[in-house]
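Next up, final_21.txt (compact mmCIF, C-alpha atoms):
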```txt
# COMPACT_ATOMS: atom_id res chain seq x y z
CA MET X 1178 169.02 177.54 66.69
CA GLN X 1179 171.60 174.78 66.70
CA LEU X 1180 174.51 177.25 66.88
CA GLN X 1181 172.97 178.84 69.97
CA SER X 1182 172.64 175.42 71.60
CA ILE X 1183 176.28 174.59 70.89
CA THR X 1184 177.39 177.95 72.27
CA ALA X 1185 175.28 177.51 75.40
CA LEU X 1186 176.68 174.00 75.95
CA ALA X 1187 180.25 175.24 75.47
CA MET X 1188 179.73 178.07 77.97
CA SER X 1189 178.15 175.67 80.46
CA ARG X 1190 181.12 173.30 80.22
CA LEU X 1191 183.60 176.15 80.54
CA GLN X 1192 181.82 177.29 83.71
CA GLN X 1193 182.03 173.72 85.00
CA VAL X 1194 185.79 173.65 84.35
CA ILE X 1195 186.28 176.87 86.32
CA GLY X 1196 184.03 175.55 89.08
CA LEU X 1197 186.05 172.32 89.30
CA TYR X 1198 189.29 174.26 89.61
CA ALA X 1199 187.80 176.14 92.56
CA PHE X 1200 186.20 173.01 94.05
CA VAL X 1201 189.43 170.97 94.08
CA LEU X 1202 192.40 173.33 93.99
CA ILE X 1203 191.33 176.05 96.41
CA PRO X 1204 190.90 173.65 99.37
CA MET X 1205 194.29 172.08 98.58
CA TRP X 1206 196.10 175.42 98.61
CA VAL X 1207 194.17 176.92 101.52
CA MET X 1208 194.80 173.90 103.74
CA PHE X 1209 198.48 173.83 102.76
CA VAL X 1210 198.90 177.45 103.89
CA LEU X 1211 196.81 177.00 107.04
CA ASN X 1212 198.73 173.85 107.94
CA LYS X 1213 202.05 175.63 107.55
CA VAL X 1214 201.07 178.90 109.24
CA LEU X 1215 198.51 178.03 111.90
CA LEU X 1216 198.37 174.26 112.43
CA PHE X 1217 202.15 173.61 112.55
CA GLY X 1218 201.81 170.50 110.36
CA LEU X 1219 199.17 168.85 112.57
CA TRP X 1220 196.71 168.52 109.67
CA HIS X 1221 198.82 165.61 108.39
CA VAL X 1222 197.89 163.60 111.48
CA PHE X 1223 194.53 163.05 109.77
CA GLY X 1224 196.06 161.20 106.82
CA ILE X 1225 194.87 157.74 105.85
CA ALA X 1226 196.05 155.09 108.32
CA PRO X 1227 195.39 151.78 106.54
CA ARG X 1228 192.87 149.48 108.22
CA VAL X 1229 192.73 151.64 111.34
CA LEU X 1230 189.19 152.47 112.42
CA ASP X 1231 189.50 155.79 114.18
CA LEU X 1232 188.43 159.37 113.55
CA ARG X 1233 191.70 160.52 112.01
CA SER X 1234 191.74 157.80 109.36
CA ILE X 1235 188.08 158.31 108.51
CA VAL X 1236 188.79 162.02 108.06
CA GLY X 1237 191.77 161.04 105.90
CA ILE X 1238 189.65 158.99 103.52
CA PHE X 1239 187.64 162.11 102.71
CA ALA X 1240 190.30 164.81 103.14
CA SER X 1241 193.81 163.40 102.59
CA TRP X 1242 193.83 165.01 99.13
CA THR X 1243 194.12 168.39 100.88
CA MET X 1244 197.29 167.34 102.75
CA HIS X 1245 200.73 167.86 101.19
CA GLY X 1246 204.16 167.45 102.72
CA ASN X 1247 205.85 170.34 100.94
CA PHE X 1248 205.41 172.87 98.16
CA ALA X 1249 206.88 170.60 95.48
CA HIS X 1250 204.37 167.87 96.42
CA LEU X 1251 201.50 170.36 96.21
CA MET X 1252 202.70 171.88 92.95
CA GLY X 1253 203.19 168.51 91.26
CA ASN X 1254 199.65 167.41 92.01
CA THR X 1255 198.27 170.81 91.05
CA LEU X 1256 199.84 170.68 87.58
CA VAL X 1257 198.39 167.22 86.93
CA LEU X 1258 194.95 168.22 88.21
CA LEU X 1259 194.86 171.37 86.06
CA GLN X 1260 194.92 169.13 82.99
CA ILE X 1261 192.59 166.39 84.17
CA LEU X 1262 189.99 168.69 85.73
CA PHE X 1263 189.79 170.52 82.41
CA LEU X 1264 188.89 167.26 80.66
CA PHE X 1265 186.40 166.30 83.37
CA GLY X 1266 184.75 169.69 83.07
CA LEU X 1267 184.35 169.17 79.34
CA PHE X 1268 183.10 165.58 79.28
CA GLU X 1269 181.19 164.97 82.53
CA ASN X 1270 177.55 165.96 82.93
CA ASN X 1271 177.94 166.14 86.71
CA ALA X 1272 181.67 166.40 87.22
CA TYR X 1273 181.42 167.46 90.86
CA ARG X 1274 179.62 164.27 91.84
CA THR X 1275 182.14 162.17 89.91
CA VAL X 1276 185.10 163.87 91.58
CA VAL X 1277 183.60 163.32 95.05
CA LYS X 1278 183.06 159.64 94.22
CA LEU X 1279 186.68 159.33 93.10
CA ILE X 1280 187.96 161.07 96.24
CA VAL X 1281 186.10 158.62 98.48
CA ALA X 1282 186.84 155.53 96.33
CA SER X 1283 190.56 156.26 96.11
CA GLY X 1284 190.65 156.96 99.86
CA ILE X 1285 188.94 153.67 100.67
CA MET X 1286 191.24 151.72 98.33
CA THR X 1287 194.31 153.30 99.94
CA TRP X 1288 192.90 152.44 103.38
CA LEU X 1289 192.37 148.82 102.28
CA ILE X 1290 195.71 148.09 100.60
CA GLY X 1291 198.15 150.52 102.23
CA SER X 1292 201.03 149.32 104.38
CA PRO X 1293 200.27 149.05 108.10
CA MET X 1294 201.78 151.64 110.44
CA SER X 1295 201.90 154.24 107.66
CA ILE X 1296 200.06 157.49 106.95
CA HIS X 1297 199.09 158.47 103.41
CA ILE X 1298 198.60 162.09 102.38
CA GLY X 1299 198.32 164.04 99.14
CA ALA X 1300 196.12 164.33 96.07
CA SER X 1301 198.05 161.71 94.10
CA GLY X 1302 195.36 159.12 94.80
CA LEU X 1303 192.75 161.46 93.31
CA CYS X 1304 194.98 162.18 90.30
CA PHE X 1305 195.38 158.48 89.57
CA ALA X 1306 191.69 157.83 90.22
CA MET X 1307 190.78 160.45 87.63
CA LEU X 1308 193.26 158.98 85.15
CA GLY X 1309 191.81 155.53 85.82
CA PHE X 1310 188.27 156.85 85.33
CA MET X 1311 189.23 158.20 81.91
CA ILE X 1312 190.88 154.92 80.93
CA GLY X 1313 188.01 152.80 82.24
CA GLY X 1314 185.46 155.04 80.55
CA ALA X 1315 187.34 154.97 77.26
CA LEU X 1316 187.98 151.22 77.16
CA PHE X 1317 184.85 149.75 78.75
CA ALA X 1318 182.06 152.34 78.64
CA ARG X 1319 182.71 153.68 75.14
CA ARG X 1320 183.30 157.21 76.35
CA TRP X 1321 184.72 158.49 73.10
CA GLY X 1322 185.68 161.87 74.52
CA TYR X 1323 187.92 160.21 77.08
CA LEU X 1324 189.31 157.86 74.44
CA LEU X 1325 190.34 160.88 72.38
CA ALA X 1326 191.81 162.54 75.46
CA CYS X 1327 193.79 159.40 76.34
CA ILE X 1328 195.19 159.27 72.82
CA ILE X 1329 196.10 162.96 72.68
CA MET X 1330 197.55 163.05 76.20
CA GLY X 1331 198.69 159.45 75.95
CA THR X 1332 202.48 159.66 76.18
CA GLY X 1333 202.54 162.02 79.15
CA TYR X 1334 199.76 160.24 81.03
CA TRP X 1335 201.14 156.75 80.48
CA LEU X 1336 204.56 157.96 81.65
CA THR X 1337 202.93 159.44 84.77
CA ILE X 1338 201.18 156.14 85.48
CA LYS X 1339 204.35 154.13 84.88
CA GLN X 1340 206.42 156.32 87.18
CA GLY X 1341 203.67 156.47 89.81
CA LEU X 1342 203.38 152.69 89.98
CA MET X 1343 207.09 152.18 90.54
CA PRO X 1344 207.64 151.75 94.32
CA GLN X 1345 209.74 154.62 95.66
CA PRO X 1346 210.73 155.60 99.19
CA GLY X 1347 208.36 158.18 100.64
CA ILE X 1348 205.86 157.78 97.76
CA SER X 1349 202.51 156.11 98.40
CA PHE X 1350 202.27 153.22 95.94
CA ALA X 1351 198.98 152.23 97.62
CA ALA X 1352 197.41 155.60 96.86
CA HIS X 1353 198.59 155.51 93.25
CA PHE X 1354 197.59 151.93 92.52
CA GLY X 1355 194.45 152.04 94.65
CA GLY X 1356 193.33 155.30 93.06
CA LEU X 1357 193.99 153.99 89.56
CA LEU X 1358 192.08 150.76 90.23
CA ALA X 1359 189.14 152.59 91.83
CA GLY X 1360 189.01 155.00 88.89
CA ILE X 1361 189.05 152.23 86.29
CA ILE X 1362 186.19 150.42 88.06
CA LEU X 1363 184.06 153.56 88.31
CA GLY X 1364 184.93 154.63 84.77
CA ALA X 1365 184.08 151.21 83.35
CA SER X 1366 180.64 151.36 84.92
CA SER X 1367 179.98 154.97 83.95
CA LYS X 1368 177.52 156.02 81.31
CA HIS X 1369 177.29 159.33 79.58
CA ASP X 1370 174.02 160.41 78.07
CA TYR X 1371 174.78 163.14 75.61
CA GLN X 1372 171.93 165.60 75.48
CA PRO X 1373 170.57 165.98 71.94
CA LEU X 1374 170.74 169.45 70.47
CA ARG X 1375 167.31 170.99 70.23
CA ARG X 1376 166.14 173.52 67.73
CA TYR X 1377 164.56 176.67 69.11
```
As structure tokens, what does this structure read like?
Amino acid sequence: MQLQSITALAMSRLQQVIGLYAFVLIPMWVMFVLNKVLLFGLWHVFGIAPRVLDLRSIVGIFASWTMHGNFAHLMGNTLVLLQILFLFGLFENNAYRTVVKLIVASGIMTWLIGSPMSIHIGASGLCFAMLGFMIGGALFARRWGYLLACIIMGTGYWLTIKQGLMPQPGISFAAHFGGLLAGIILGASSKHDYQPLRRY
């Protein structure tokens, strides 16, 4: 029956939301604790070093989102991700694959446009990439779910973007702008095939 199909889809998406929370947030928090307790801050050495081709920077492209300077930095990104991951879990057919793409794309963009002799850490690039993906999907790929989300969350999200794109000491403008741009490009080229409800 159609009601059963809707219920099954809703449960599947809810499971995906919970899975995304575990997939993204647990590594962030675990690595923060390990870095503080066991690694004595050395994990940050593997942040993104723009246009440097060595092991640490390559690791950073894939893992800098798990590196945070202090608890406030970690908590700020966590609160943003709690909201955006919920929306991704609802609207993406394969949200895990999309998140991995955004992690890598935002890392590469930060590596390309970041200031030389700097190291970029934190999940802000991923946050802005996910925001950009929603905006690109809503404006260019006719992803109506993301358009609705952008409208509902609009004021808070646009304020976050505005503040994040204002250069500030100690804040990675390259990660914010690069992540946003990478997300918009990927979102604009995304397609979402809604599965038709079948009668049983």
(message) Would you pick out the contacts of Ile1261 of chain X at 10 Å or less, using only C-alpha atoms, so that residues sharing its chain but fewer than 4 positions from it are not included, and give the list as a PyMOL selection string?
(response) chain X and resi 1194+1255-1257+1265-1267+1304-1305+1307-1308+1311+1326+1330+1334
For a cut-off of 8 Å around (193.5, 167.5, 100.0), file coordinates, pick out all residues using only C-alpha atoms and list them as a short mmCIF file (atom, residue, chain, number, x, y, z; two decimals) with C-alpha atoms, in the frame of the given file.
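Output below, filename selection_17.cif:
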```cif
data_model
loop_
_atom_site.label_atom_id
_atom_site.label_comp_id
_atom_site.auth_asym_id
_atom_site.auth_seq_id
_atom_site.Cartn_x
_atom_site.Cartn_y
_atom_site.Cartn_z
CA VAL X 1201 189.43 170.97 94.08
CA PRO X 1204 190.90 173.65 99.37
CA MET X 1205 194.29 172.08 98.58
CA MET X 1208 194.80 173.90 103.74
CA ALA X 1240 190.30 164.81 103.14
CA SER X 1241 193.81 163.40 102.59
CA TRP X 1242 193.83 165.01 99.13
CA THR X 1243 194.12 168.39 100.88
CA MET X 1244 197.29 167.34 102.75
CA HIS X 1245 200.73 167.86 101.19
CA ILE X 1298 198.60 162.09 102.38
CA GLY X 1299 198.32 164.04 99.14
CA ALA X 1300 196.12 164.33 96.07
#
```
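Interatomic distance, atom CA of Phe1239 of chain X to atom CA of Ala1365 of chain X: 22.5 Å.
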(request) Just the residues within 9 Å of His1297 of chain X, please, counting only C-alpha atoms, with nothing from its chain fewer than 4 positions along; format it as a list of chain:residue names. (result)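 Residues near the query, excluding close chain neighbours: X:His1221, X:Gly1224, X:Ile1225, X:Ala1226, X:Pro1227, X:Gly1237, X:Ser1241, X:Thr1287, X:Trp1288, X:Gly1291, X:Ile1348, X:Ser1349, X:Ala1351, X:Ala1352.
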(request) Select, from X:Leu1316, X:Val1236, X:Leu1303, X:Met1252, the residue with the minimum atom-to-atom distance to Trp1206 of chain X, counting all atoms listed in the file. (result) X:Met1252
(message) Between atom CA of Gly1309 of chain X and atom CA of Leu1357 of chain X, what is the distance in Å, rounded to a tenth?
(response)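 Straight-line distance from atom CA of Gly1309 of chain X to atom CA of Leu1357 of chain X works out to 4.6 Å.
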(message) Neighbouring residues of Leu1259 of chain X were defined as those with any atom within 9 Å, considering only C-alpha atoms; residues of the same chain fewer than 4 positions away were excluded. Please report them as a count of residues only.
(response) 5
(request) Calculate how many Å separate atom CA of Ile1296 of chain X from atom CA of Val1229 of chain X, rounding to one decimal. (result) 10.4 Å
